[in-house]
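Colleague: What follows is final-v3.txt, made up of compact mmCIF, C-alpha atoms:
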```
# COMPACT_ATOMS: atom_id res chain seq x y z
CA MET Z 1 -52.04 38.49 49.44
CA LEU Z 2 -48.68 38.33 47.71
CA THR Z 3 -47.99 35.65 45.13
CA LYS Z 4 -46.79 32.36 46.60
CA ARG Z 5 -43.29 32.88 45.23
CA PHE Z 6 -42.92 36.34 46.72
CA SER Z 7 -44.87 35.45 49.83
CA LEU Z 8 -42.44 32.62 50.52
CA ALA Z 9 -39.54 35.03 50.38
CA VAL Z 10 -41.32 37.52 52.60
CA ARG Z 11 -42.65 35.00 55.10
CA ALA Z 12 -39.24 33.38 55.19
CA LEU Z 13 -37.96 36.63 56.53
CA ALA Z 14 -40.50 36.24 59.28
CA ALA Z 15 -38.37 33.24 60.27
CA ALA Z 16 -41.20 30.76 59.99
CA ALA Z 17 -40.47 27.32 58.57
CA VAL Z 18 -42.22 24.13 57.65
CA LEU Z 19 -39.65 22.79 55.18
CA THR Z 20 -39.38 19.81 52.91
CA LEU Z 21 -35.85 18.41 53.04
CA THR Z 22 -34.45 17.80 56.51
CA LEU Z 23 -30.87 18.99 56.79
CA ALA Z 24 -29.20 19.52 60.13
CA ALA Z 25 -27.45 22.88 60.22
CA CYS Z 26 -23.86 22.05 61.04
CA GLY Z 27 -20.81 23.79 62.40
CA GLY Z 28 -17.30 24.09 61.08
CA GLY Z 29 -14.84 21.40 60.09
CA ASP Z 30 -12.04 19.74 62.01
CA ASP Z 31 -9.84 22.83 62.11
CA GLU Z 32 -9.90 25.26 64.97
CA PRO Z 33 -13.02 27.39 64.38
CA ALA Z 34 -12.54 31.02 63.46
CA GLU Z 35 -13.74 33.66 65.88
CA VAL Z 36 -17.09 35.16 65.02
CA PRO Z 37 -17.03 38.98 65.02
CA ALA Z 38 -18.98 40.72 67.77
CA ASP Z 39 -21.48 42.14 65.28
CA ALA Z 40 -22.22 38.79 63.62
CA ILE Z 41 -24.17 35.67 64.51
CA ALA Z 42 -22.08 33.30 62.41
CA LEU Z 43 -19.31 32.91 59.88
CA VAL Z 44 -20.08 31.14 56.61
CA GLY Z 45 -16.62 30.25 55.43
CA ASP Z 46 -14.86 33.55 56.08
CA THR Z 47 -17.96 35.69 55.53
CA PRO Z 48 -19.75 37.11 58.60
CA VAL Z 49 -23.53 36.84 58.81
CA PRO Z 50 -24.36 40.25 60.34
CA LYS Z 51 -26.44 40.32 63.48
CA ALA Z 52 -28.28 43.21 61.84
CA ASP Z 53 -29.66 40.71 59.29
CA PHE Z 54 -30.88 38.50 62.10
CA ASP Z 55 -32.42 41.42 64.02
CA GLU Z 56 -34.21 42.59 60.90
CA LEU Z 57 -35.51 39.10 60.26
CA MET Z 58 -36.89 38.77 63.78
CA ALA Z 59 -38.41 42.26 63.63
CA ARG Z 60 -40.30 41.27 60.50
CA ALA Z 61 -41.41 38.07 62.18
CA GLN Z 62 -42.79 40.08 65.08
CA GLN Z 63 -44.64 42.42 62.74
CA SER Z 64 -46.06 39.45 60.88
CA TYR Z 65 -47.33 38.00 64.17
CA GLU Z 66 -48.89 41.34 65.10
CA SER Z 67 -50.60 41.69 61.72
CA GLN Z 68 -52.19 38.29 62.37
CA GLU Z 69 -53.15 39.36 65.91
CA ARG Z 70 -50.93 36.65 67.39
CA ASP Z 71 -48.69 37.00 70.42
CA PHE Z 72 -45.01 37.00 69.52
CA PRO Z 73 -43.10 34.37 71.53
CA ALA Z 74 -41.29 35.71 74.57
CA VAL Z 75 -37.50 35.59 74.55
CA GLY Z 76 -36.26 32.42 76.21
CA THR Z 77 -39.35 30.34 75.50
CA PRO Z 78 -39.09 27.19 73.39
CA GLU Z 79 -41.20 28.88 70.73
CA TYR Z 80 -38.79 31.80 70.52
CA GLN Z 81 -35.78 29.45 70.43
CA ASP Z 82 -37.37 27.57 67.55
CA LEU Z 83 -38.01 30.81 65.70
CA GLN Z 84 -34.43 31.94 66.31
CA SER Z 85 -32.97 28.63 65.12
CA ARG Z 86 -34.98 28.80 61.93
CA ALA Z 87 -33.92 32.37 61.29
CA VAL Z 88 -30.24 31.53 61.79
CA ALA Z 89 -30.46 28.43 59.57
CA PHE Z 90 -32.21 30.47 56.89
CA LEU Z 91 -29.52 33.16 56.89
CA VAL Z 92 -26.64 30.67 56.88
CA GLN Z 93 -28.21 28.82 53.97
CA ARG Z 94 -28.70 32.07 52.08
CA TYR Z 95 -25.08 33.13 52.57
CA ARG Z 96 -23.89 29.74 51.33
CA PHE Z 97 -25.95 30.08 48.17
CA GLN Z 98 -24.69 33.62 47.63
CA ALA Z 99 -21.08 32.53 48.07
CA GLU Z 100 -21.44 29.73 45.54
CA ALA Z 101 -23.26 31.98 43.06
CA GLU Z 102 -20.40 34.46 43.31
CA ALA Z 103 -17.86 31.68 42.78
CA LEU Z 104 -19.72 30.67 39.60
CA ASP Z 105 -20.05 34.31 38.46
CA ILE Z 106 -23.85 34.15 38.59
CA GLN Z 107 -25.32 37.63 38.70
CA VAL Z 108 -28.73 39.30 38.91
CA THR Z 109 -29.36 42.64 37.22
CA GLU Z 110 -31.48 45.53 38.45
CA GLU Z 111 -33.71 45.01 35.43
CA GLU Z 112 -34.39 41.41 36.43
CA VAL Z 113 -35.30 42.44 39.97
CA GLN Z 114 -37.69 45.12 38.75
CA GLU Z 115 -39.23 42.76 36.21
CA ARG Z 116 -40.03 40.25 38.94
CA LEU Z 117 -41.49 42.94 41.21
CA ASP Z 118 -43.61 44.25 38.35
CA GLN Z 119 -44.80 40.72 37.64
CA ILE Z 120 -45.89 40.27 41.26
CA ARG Z 121 -47.67 43.62 41.31
CA ASP Z 122 -49.44 42.97 38.00
CA GLU Z 123 -50.47 39.37 38.68
CA SER Z 124 -51.46 39.69 42.32
CA PHE Z 125 -52.61 43.29 42.59
CA GLU Z 126 -53.88 43.98 39.06
CA GLY Z 127 -51.11 46.51 38.61
CA ASP Z 128 -52.25 48.58 41.61
CA GLN Z 129 -49.07 50.00 43.14
CA GLU Z 130 -50.90 51.28 46.24
CA ARG Z 131 -52.27 47.84 47.09
CA PHE Z 132 -48.85 46.35 46.47
CA ASP Z 133 -47.20 48.84 48.82
CA GLU Z 134 -49.81 48.10 51.48
CA ALA Z 135 -49.07 44.37 51.20
CA LEU Z 136 -45.35 45.03 51.63
CA GLU Z 137 -46.02 47.15 54.68
CA ALA Z 138 -48.19 44.42 56.20
CA GLU Z 139 -45.24 42.04 55.83
CA GLY Z 140 -42.86 44.56 57.38
CA LEU Z 141 -40.95 45.26 54.16
CA THR Z 142 -39.82 48.46 52.52
CA ILE Z 143 -39.53 48.45 48.75
CA GLU Z 144 -35.73 48.38 49.11
CA GLN Z 145 -35.94 45.31 51.34
CA ALA Z 146 -38.33 43.66 48.90
CA GLN Z 147 -35.84 44.28 46.11
CA GLU Z 148 -33.09 42.61 48.13
CA GLU Z 149 -35.30 39.62 48.82
CA ILE Z 150 -36.16 39.29 45.14
CA ARG Z 151 -32.49 39.62 44.25
CA ALA Z 152 -31.55 36.79 46.62
CA GLN Z 153 -34.37 34.65 45.27
CA LEU Z 154 -33.38 35.20 41.64
CA LEU Z 155 -29.75 34.48 42.45
CA GLN Z 156 -30.75 31.22 44.03
CA GLU Z 157 -32.99 30.29 41.12
CA LYS Z 158 -30.10 30.86 38.72
CA LEU Z 159 -27.81 28.76 40.90
CA PHE Z 160 -30.30 25.91 40.91
CA GLU Z 161 -30.76 26.21 37.16
CA ARG Z 162 -26.99 25.88 36.74
CA VAL Z 163 -26.88 22.81 38.96
CA THR Z 164 -29.78 21.08 37.20
CA GLU Z 165 -29.05 22.08 33.62
CA ASP Z 166 -27.65 18.62 32.81
CA VAL Z 167 -30.61 16.75 34.26
CA GLU Z 168 -32.05 14.59 31.49
CA VAL Z 169 -34.82 12.03 31.25
CA THR Z 170 -34.72 9.85 28.15
CA ASP Z 171 -37.55 7.97 26.46
CA GLU Z 172 -35.90 4.80 27.75
CA ASP Z 173 -36.07 6.14 31.32
CA VAL Z 174 -39.78 6.85 30.93
CA ALA Z 175 -40.50 3.42 29.44
CA ALA Z 176 -38.53 1.67 32.18
CA TYR Z 177 -40.42 3.51 34.93
CA TYR Z 178 -43.72 2.64 33.24
CA GLU Z 179 -42.86 -1.07 33.08
CA GLU Z 180 -41.54 -1.17 36.66
CA ASN Z 181 -44.62 0.57 38.09
CA GLN Z 182 -47.47 -0.99 36.15
CA GLU Z 183 -49.72 -1.01 39.22
CA GLN Z 184 -49.78 2.81 39.15
CA PHE Z 185 -51.30 2.75 35.68
CA THR Z 186 -53.73 -0.15 36.10
CA GLN Z 187 -57.42 0.36 36.81
CA PRO Z 188 -58.81 -2.77 38.55
CA ALA Z 189 -61.94 -4.52 37.36
CA SER Z 190 -65.07 -2.81 38.70
CA ARG Z 191 -68.83 -3.04 38.83
CA ASP Z 192 -71.83 -1.56 40.66
CA VAL Z 193 -73.55 -3.55 43.40
CA ARG Z 194 -76.26 -3.13 45.98
CA HIS Z 195 -75.76 -4.51 49.46
CA ILE Z 196 -77.49 -4.63 52.82
CA LEU Z 197 -75.47 -4.77 56.03
CA VAL Z 198 -76.90 -6.02 59.31
CA LYS Z 199 -75.23 -7.13 62.54
CA ASN Z 200 -76.56 -10.66 63.01
CA LYS Z 201 -77.26 -13.63 60.78
CA ALA Z 202 -80.86 -14.11 61.93
CA ARG Z 203 -81.82 -10.67 60.58
CA ALA Z 204 -79.79 -11.31 57.42
CA ASP Z 205 -81.67 -14.59 56.84
CA GLU Z 206 -85.02 -12.81 57.29
CA ILE Z 207 -84.12 -10.10 54.75
CA HIS Z 208 -82.73 -12.68 52.34
CA ALA Z 209 -85.98 -14.64 52.50
CA GLU Z 210 -87.96 -11.46 51.83
CA LEU Z 211 -85.81 -10.75 48.78
CA GLU Z 212 -86.28 -14.31 47.52
CA ASN Z 213 -90.02 -13.75 47.77
CA GLY Z 214 -89.86 -10.69 45.51
CA GLY Z 215 -88.91 -7.92 47.92
CA ASN Z 216 -87.40 -4.77 46.44
CA PHE Z 217 -83.66 -4.72 47.20
CA ALA Z 218 -83.32 -0.92 47.20
CA GLU Z 219 -86.31 -0.43 49.49
CA LEU Z 220 -85.11 -3.08 51.94
CA ALA Z 221 -81.62 -1.56 51.94
CA ARG Z 222 -83.04 1.85 52.81
CA ARG Z 223 -85.11 0.29 55.55
CA TYR Z 224 -82.68 -2.16 57.18
CA SER Z 225 -79.08 -1.58 56.10
CA GLN Z 226 -76.70 -0.31 58.76
CA ASP Z 227 -74.20 0.90 56.17
CA THR Z 228 -74.83 4.63 56.38
CA GLY Z 229 -72.68 5.30 53.32
CA SER Z 230 -74.90 3.44 50.86
CA LYS Z 231 -78.20 3.15 52.72
CA LYS Z 232 -79.82 6.27 51.26
CA ALA Z 233 -78.88 5.13 47.74
CA GLY Z 234 -80.71 1.83 48.25
CA GLY Z 235 -77.45 0.04 49.02
CA LYS Z 236 -75.92 1.01 45.69
CA MET Z 237 -72.17 1.57 45.45
CA PRO Z 238 -69.31 1.06 42.99
CA VAL Z 239 -66.61 -1.43 43.94
CA GLN Z 240 -63.18 -2.16 42.51
CA GLN Z 241 -61.87 -5.70 42.62
CA GLY Z 242 -59.51 -6.13 45.54
CA SER Z 243 -60.64 -2.97 47.34
CA THR Z 244 -63.09 -4.58 49.78
CA VAL Z 245 -62.66 -7.28 52.42
CA PRO Z 246 -62.13 -10.71 50.76
CA PRO Z 247 -65.55 -12.37 51.43
CA PHE Z 248 -67.37 -9.29 50.11
CA ASP Z 249 -65.00 -8.97 47.14
CA GLU Z 250 -65.40 -12.63 46.20
CA ALA Z 251 -69.19 -12.46 46.19
CA ALA Z 252 -69.34 -9.13 44.39
CA PHE Z 253 -67.29 -10.40 41.45
CA GLU Z 254 -68.53 -14.01 41.23
CA LEU Z 255 -72.28 -13.34 41.14
CA ASP Z 256 -74.21 -12.71 37.94
CA VAL Z 257 -76.06 -9.44 37.41
CA ASN Z 258 -79.16 -9.28 39.68
CA GLU Z 259 -78.19 -12.53 41.42
CA ILE Z 260 -78.71 -12.26 45.18
CA SER Z 261 -76.06 -13.72 47.46
CA GLU Z 262 -76.62 -15.79 50.53
CA PRO Z 263 -75.71 -13.83 53.68
CA VAL Z 264 -71.96 -13.15 53.63
CA GLN Z 265 -70.09 -12.66 56.89
CA THR Z 266 -67.24 -10.15 57.19
CA THR Z 267 -65.67 -8.35 60.12
CA PHE Z 268 -68.39 -5.69 59.75
CA GLY Z 269 -71.39 -7.99 60.04
CA TRP Z 270 -73.58 -9.85 57.56
CA HIS Z 271 -74.05 -8.66 53.99
CA ILE Z 272 -76.54 -9.49 51.28
CA ILE Z 273 -75.03 -8.54 47.92
CA MET Z 274 -76.55 -8.11 44.47
CA PRO Z 275 -74.48 -6.97 41.44
CA ILE Z 276 -76.42 -4.56 39.23
CA SER Z 277 -73.93 -4.11 36.37
CA GLU Z 278 -71.61 -6.22 34.30
CA ILE Z 279 -67.94 -6.32 35.30
CA GLU Z 280 -65.80 -3.65 33.70
CA PRO Z 281 -62.53 -5.48 33.00
CA GLU Z 282 -59.16 -4.31 34.30
CA GLN Z 283 -57.71 -1.52 32.19
CA VAL Z 284 -54.10 -0.42 31.77
CA THR Z 285 -53.50 3.20 30.81
CA PRO Z 286 -51.35 3.29 27.65
CA LEU Z 287 -47.81 4.66 27.98
CA GLU Z 288 -48.52 7.48 25.53
CA ASP Z 289 -51.24 8.80 27.86
CA VAL Z 290 -48.91 9.10 30.86
CA GLU Z 291 -45.41 9.52 29.44
CA GLU Z 292 -45.35 13.30 29.89
CA ARG Z 293 -46.45 12.98 33.51
CA ILE Z 294 -43.77 10.35 34.13
CA ARG Z 295 -41.13 12.51 32.45
CA GLN Z 296 -42.02 15.52 34.61
CA GLN Z 297 -41.95 13.40 37.76
CA LEU Z 298 -38.53 11.95 36.97
CA GLU Z 299 -37.13 15.36 36.02
CA SER Z 300 -38.41 16.80 39.29
CA GLU Z 301 -36.96 13.94 41.35
CA ARG Z 302 -33.56 14.19 39.67
CA SER Z 303 -33.48 17.98 39.93
CA ASN Z 304 -34.31 17.82 43.62
CA ALA Z 305 -31.59 15.23 44.14
CA ALA Z 306 -29.07 17.48 42.38
CA VAL Z 307 -30.05 20.44 44.56
CA GLU Z 308 -29.87 18.34 47.72
CA THR Z 309 -26.39 17.18 46.73
CA LEU Z 310 -25.39 20.80 46.13
CA THR Z 311 -26.66 21.82 49.55
CA GLN Z 312 -24.70 19.07 51.25
CA GLU Z 313 -21.57 20.01 49.32
CA LEU Z 314 -21.94 23.67 50.26
CA GLU Z 315 -22.09 22.76 53.96
CA LYS Z 316 -18.59 21.33 53.57
CA LYS Z 317 -17.31 24.02 51.19
CA TYR Z 318 -18.56 26.90 53.36
CA PRO Z 319 -18.56 25.55 56.94
CA ALA Z 320 -20.47 27.59 59.48
CA THR Z 321 -19.14 28.76 62.83
CA TYR Z 322 -21.71 30.18 65.22
CA ALA Z 323 -21.58 32.89 67.84
CA ALA Z 324 -22.47 31.86 71.38
CA GLY Z 325 -26.23 31.61 71.77
CA PHE Z 326 -26.85 31.09 68.06
CA GLU Z 327 -25.80 27.47 67.72
CA PRO Z 328 -28.28 25.57 65.54
CA ALA Z 329 -30.81 22.98 66.43
CA GLU Z 330 -31.87 20.53 63.73
CA THR Z 331 -33.74 22.55 61.14
CA ASP Z 332 -35.63 21.61 58.02
CA VAL Z 333 -34.30 23.38 54.96
CA ASP Z 334 -36.11 23.45 51.64
CA THR Z 335 -33.31 23.04 49.15
CA THR Z 336 -35.72 23.37 46.26
CA THR Z 337 -36.41 27.00 47.15
CA GLY Z 338 -33.95 27.91 49.86
CA GLU Z 339 -36.78 29.83 51.43
CA THR Z 340 -39.18 28.93 54.21
CA GLU Z 341 -42.89 28.43 54.44
CA PRO Z 342 -45.17 29.61 57.24
CA PRO Z 343 -45.92 27.02 59.92
CA ALA Z 344 -49.44 25.90 60.74
CA GLU Z 345 -51.06 28.64 62.77
CA ASN Z 346 -52.93 28.25 66.05
CA GLY Z 347 -52.13 24.57 66.30
CA GLU Z 348 -53.64 23.67 62.94
CA ASP Z 349 -52.86 20.25 61.50
CA THR Z 350 -49.86 20.39 59.19
CA GLY Z 351 -50.91 17.25 57.39
CA THR Z 352 -48.41 14.94 59.06
CA GLY Z 353 -51.02 12.99 60.99
CA ASP Z 354 -53.36 10.26 59.84
CA ASP Z 355 -56.52 11.94 58.59
CA THR Z 356 -58.05 8.77 57.19
CA ALA Z 357 -59.95 7.66 60.28
CA THR Z 358 -62.47 5.21 58.96
CA THR Z 359 -65.70 4.15 60.62
CA GLU Z 360 -67.02 0.66 60.37
CA GLU Z 361 -69.77 1.81 58.04
CA THR Z 362 -67.56 3.78 55.67
CA THR Z 363 -65.04 0.95 55.47
CA THR Z 364 -67.83 -1.34 54.36
CA ASP Z 365 -68.62 1.05 51.54
CA GLN Z 366 -65.31 0.62 49.88
```
Please rewrite the model in this file as structure tokens.
Modeller:
Amino acid sequence: MLTKRFSLAVRALAAAAVLTLTLAACGGGDDEPAEVPADAIALVGDTPVPKADFDELMARAQQSYESQERDFPAVGTPEYQDLQSRAVAFLVQRYRFQAEAEALDIQVTEEEVQERLDQIRDESFEGDQERFDEALEAEGLTIEQAQEEIRAQLLQEKLFERVTEDVEVTDEDVAAYYEENQEQFTQPASRDVRHILVKNKARADEIHAELENGGNFAELARRYSQDTGSKKAGGKMPVQQGSTVPPFDEAAFELDVNEISEPVQTTFGWHIIMPISEIEPEQVTPLEDVEERIRQQLESERSNAAVETLTQELEKKYPATYAAGFEPAETDVDTTTGETEPPAENGEDTGTGDDTATTEETTTDQ
């Protein structure tokens, strides 16, 4: 596999995209749009985006599909149209970045390109040129094409560095964020408890009576509890104050160590609860322990905002006019990289859904 950085550039050329900042690709301004040359798919400002670039991009996408033993979408299908829209948006974005880099006299040398390629080869392929060449071939790239992709990537990195060079986070900024977000740095009070869950009060009363007569809590939990998450551990589980349903939480933090509760009703059934440790008091992480993390977060947020602003400004500065058949649909564009990431394959979950489905038993364990 290529490094993530290089792989993003290569896979981007396969016109695949699951991107982080949603920006609708837009057309020209209010003036009469310029005519797109016959051998181009769009104009970015006055600069044509060659159809040859688009064809090459789609050819690489097809090779990438084939290398993964996947069927390439047929022309005219929604899947193909999506792939085409992403490829066009990618190219238009790239030409905008290149135009702005040129306006700012940002340049990339041959030495910088080769240094990055050597870094990829050395870090990902242990310096093995043959393995590196095979990886390029699998992605449908010649070494010359790889050099061009690296050049575009480095140019973009330099452009983003220029845009974000004035981003600053002061000690006062860090302290203010810390004070305004205390809940992020506070560990609630906690303790260990044992509990037994049953569905009806009659059974809960029977078990409670057995415990009062000297029954072993852990053994009875393993025998009767319907909480599968803690049953095998004899009902033992850690709890944080405020993390469980209120009746359970109240009992868990009001009882003394080894004191057995009366049956407690919640939406999950009837619980018998016994704390087995003292309460660990609420703890607040000191600012000095988290200030570097806060600083990095704020720097990242402000840098991303600066890049997003740049991208929006470039849409106006270099308006795009599209050839017939290449008009954009709404496309997600990652302004932090300008490249694209591969979509989830074979219908895999991309992480946008709710993967925290909770059963009655596991909810009780919280």
Colleague: Nearest residue to Leu154 in chain Z out of Z:Leu117, Z:Ala89, Z:Met237, Z:Met274, using all atoms listed in the file?
Modeller: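 Of Z:Leu117, Z:Ala89, Z:Met237, Z:Met274, the one nearest Leu154 in chain Z, counting all atoms listed in the file, is Z:Leu117.
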Colleague: Taking only C-alpha atoms into account, name the residue in Z:Leu211, Z:Ala329, Z:Ala305, Z:Ala135 that is nearest to Pro263 in chain Z.
Modeller: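 Of all the options, Z:Leu211 lies closest to Pro263 in chain Z.
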Colleague: CA of Ser303 in chain Z and CA of Glu315 in chain Z, how far apart in Å?
Modeller: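 Between these atoms lies a distance of 18.7 Å.
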Colleague: Quick one: what's the axis-aligned box for range 281-291 of chain Z, all listed atoms, 8 Å on every side, centre and edges in Å to one decimal, as AutoDock Vina command-line options?
Modeller:
```
--center_x -54.0 --center_y 2.0 --center_z 29.9 --size_x 33.1 --size_y 31.0 --size_z 24.8
```
Colleague: List as a PyMOL selection string the protein and nucleic acid residues near Ala59 in chain Z, meaning an atom at most 12 Å away when all atoms listed in the file are counted, but skip any in the same chain fewer than 2 places from it.
Modeller: chain Z and resi 11+13-15+52-57+61-66+72+83-84+87+139-141
Colleague: Can you work out the spacing between CA of Val108 in chain Z and CA of Glu134 in chain Z in Å, to one decimal?
Modeller: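 Atom-to-atom, CA of Val108 in chain Z and CA of Glu134 in chain Z are spaced 26.1 Å apart.
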Colleague: Select, from Z:Val307, Z:Ser243, Z:Phe90, Z:Ile150, the residue with the minimum atom-to-atom distance to Ser190 in chain Z, counting all atoms listed in the file.
Modeller: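 Closest to Ser190 in chain Z, using all atoms listed in the file: Z:Ser243.
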Colleague: Neighbours of Glu259 in chain Z within 9 Å (all atoms listed in the file; same-chain residues fewer than 6 positions away dropped), as a PyMOL selection string?
Modeller: chain Z and resi 273-276
Colleague: For Asp192 in chain Z, which residue out of Z:Gln147, Z:Ser225, Z:Ser277, Z:Asn213 is the nearest one, using all atoms listed in the file?
Modeller: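 Of all the options, Z:Ser277 lies closest to Asp192 in chain Z.
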Colleague: For Lys158 in chain Z, which residue out of Z:Asp122, Z:Ser261, Z:Ala101, Z:Gly325 is the nearest one, using all atoms listed in the file?
Modeller: Z:Ala101
Colleague: Using only C-alpha atoms, pick whichever of Z:Arg131, Z:Arg162, Z:His195, Z:Arg70 has the shortest atom-to-atom distance to Asn258 in chain Z.
Modeller: Z:His195
Colleague: Emit a file covering range 55-66 of chain Z of the preceding structure with N, CA and C atoms, as a short mmCIF file (atom, residue, chain, number, x, y, z; two decimals), in the first residue's frame.
Modeller:
```cif
data_model
loop_
_atom_site.label_atom_id
_atom_site.label_comp_id
_atom_site.auth_asym_id
_atom_site.auth_seq_id
_atom_site.Cartn_x
_atom_site.Cartn_y
_atom_site.Cartn_z
N ASP Z 55 -10.31 12.41 -18.93
CA ASP Z 55 -10.25 11.04 -19.47
C ASP Z 55 -9.20 10.22 -18.73
N GLU Z 56 -8.07 10.85 -18.44
CA GLU Z 56 -7.01 10.14 -17.72
C GLU Z 56 -7.46 9.78 -16.32
N LEU Z 57 -8.17 10.71 -15.69
CA LEU Z 57 -8.68 10.47 -14.34
C LEU Z 57 -9.64 9.29 -14.33
N MET Z 58 -10.57 9.26 -15.27
CA MET Z 58 -11.54 8.18 -15.33
C MET Z 58 -10.89 6.85 -15.70
N ALA Z 59 -9.86 6.90 -16.54
CA ALA Z 59 -9.15 5.67 -16.89
C ALA Z 59 -8.47 5.07 -15.66
N ARG Z 60 -7.91 5.94 -14.84
CA ARG Z 60 -7.28 5.44 -13.61
C ARG Z 60 -8.33 4.88 -12.66
N ALA Z 61 -9.48 5.55 -12.62
CA ALA Z 61 -10.56 5.04 -11.77
C ALA Z 61 -10.96 3.64 -12.21
N GLN Z 62 -11.07 3.45 -13.52
CA GLN Z 62 -11.46 2.14 -14.03
C GLN Z 62 -10.41 1.09 -13.68
N GLN Z 63 -9.14 1.45 -13.82
CA GLN Z 63 -8.09 0.49 -13.47
C GLN Z 63 -8.11 0.16 -11.99
N SER Z 64 -8.40 1.18 -11.17
CA SER Z 64 -8.48 0.94 -9.74
C SER Z 64 -9.61 -0.03 -9.41
N TYR Z 65 -10.75 0.17 -10.07
CA TYR Z 65 -11.88 -0.76 -9.88
C TYR Z 65 -11.46 -2.18 -10.27
N GLU Z 66 -10.80 -2.30 -11.41
CA GLU Z 66 -10.41 -3.63 -11.91
C GLU Z 66 -9.42 -4.30 -10.97
#
```
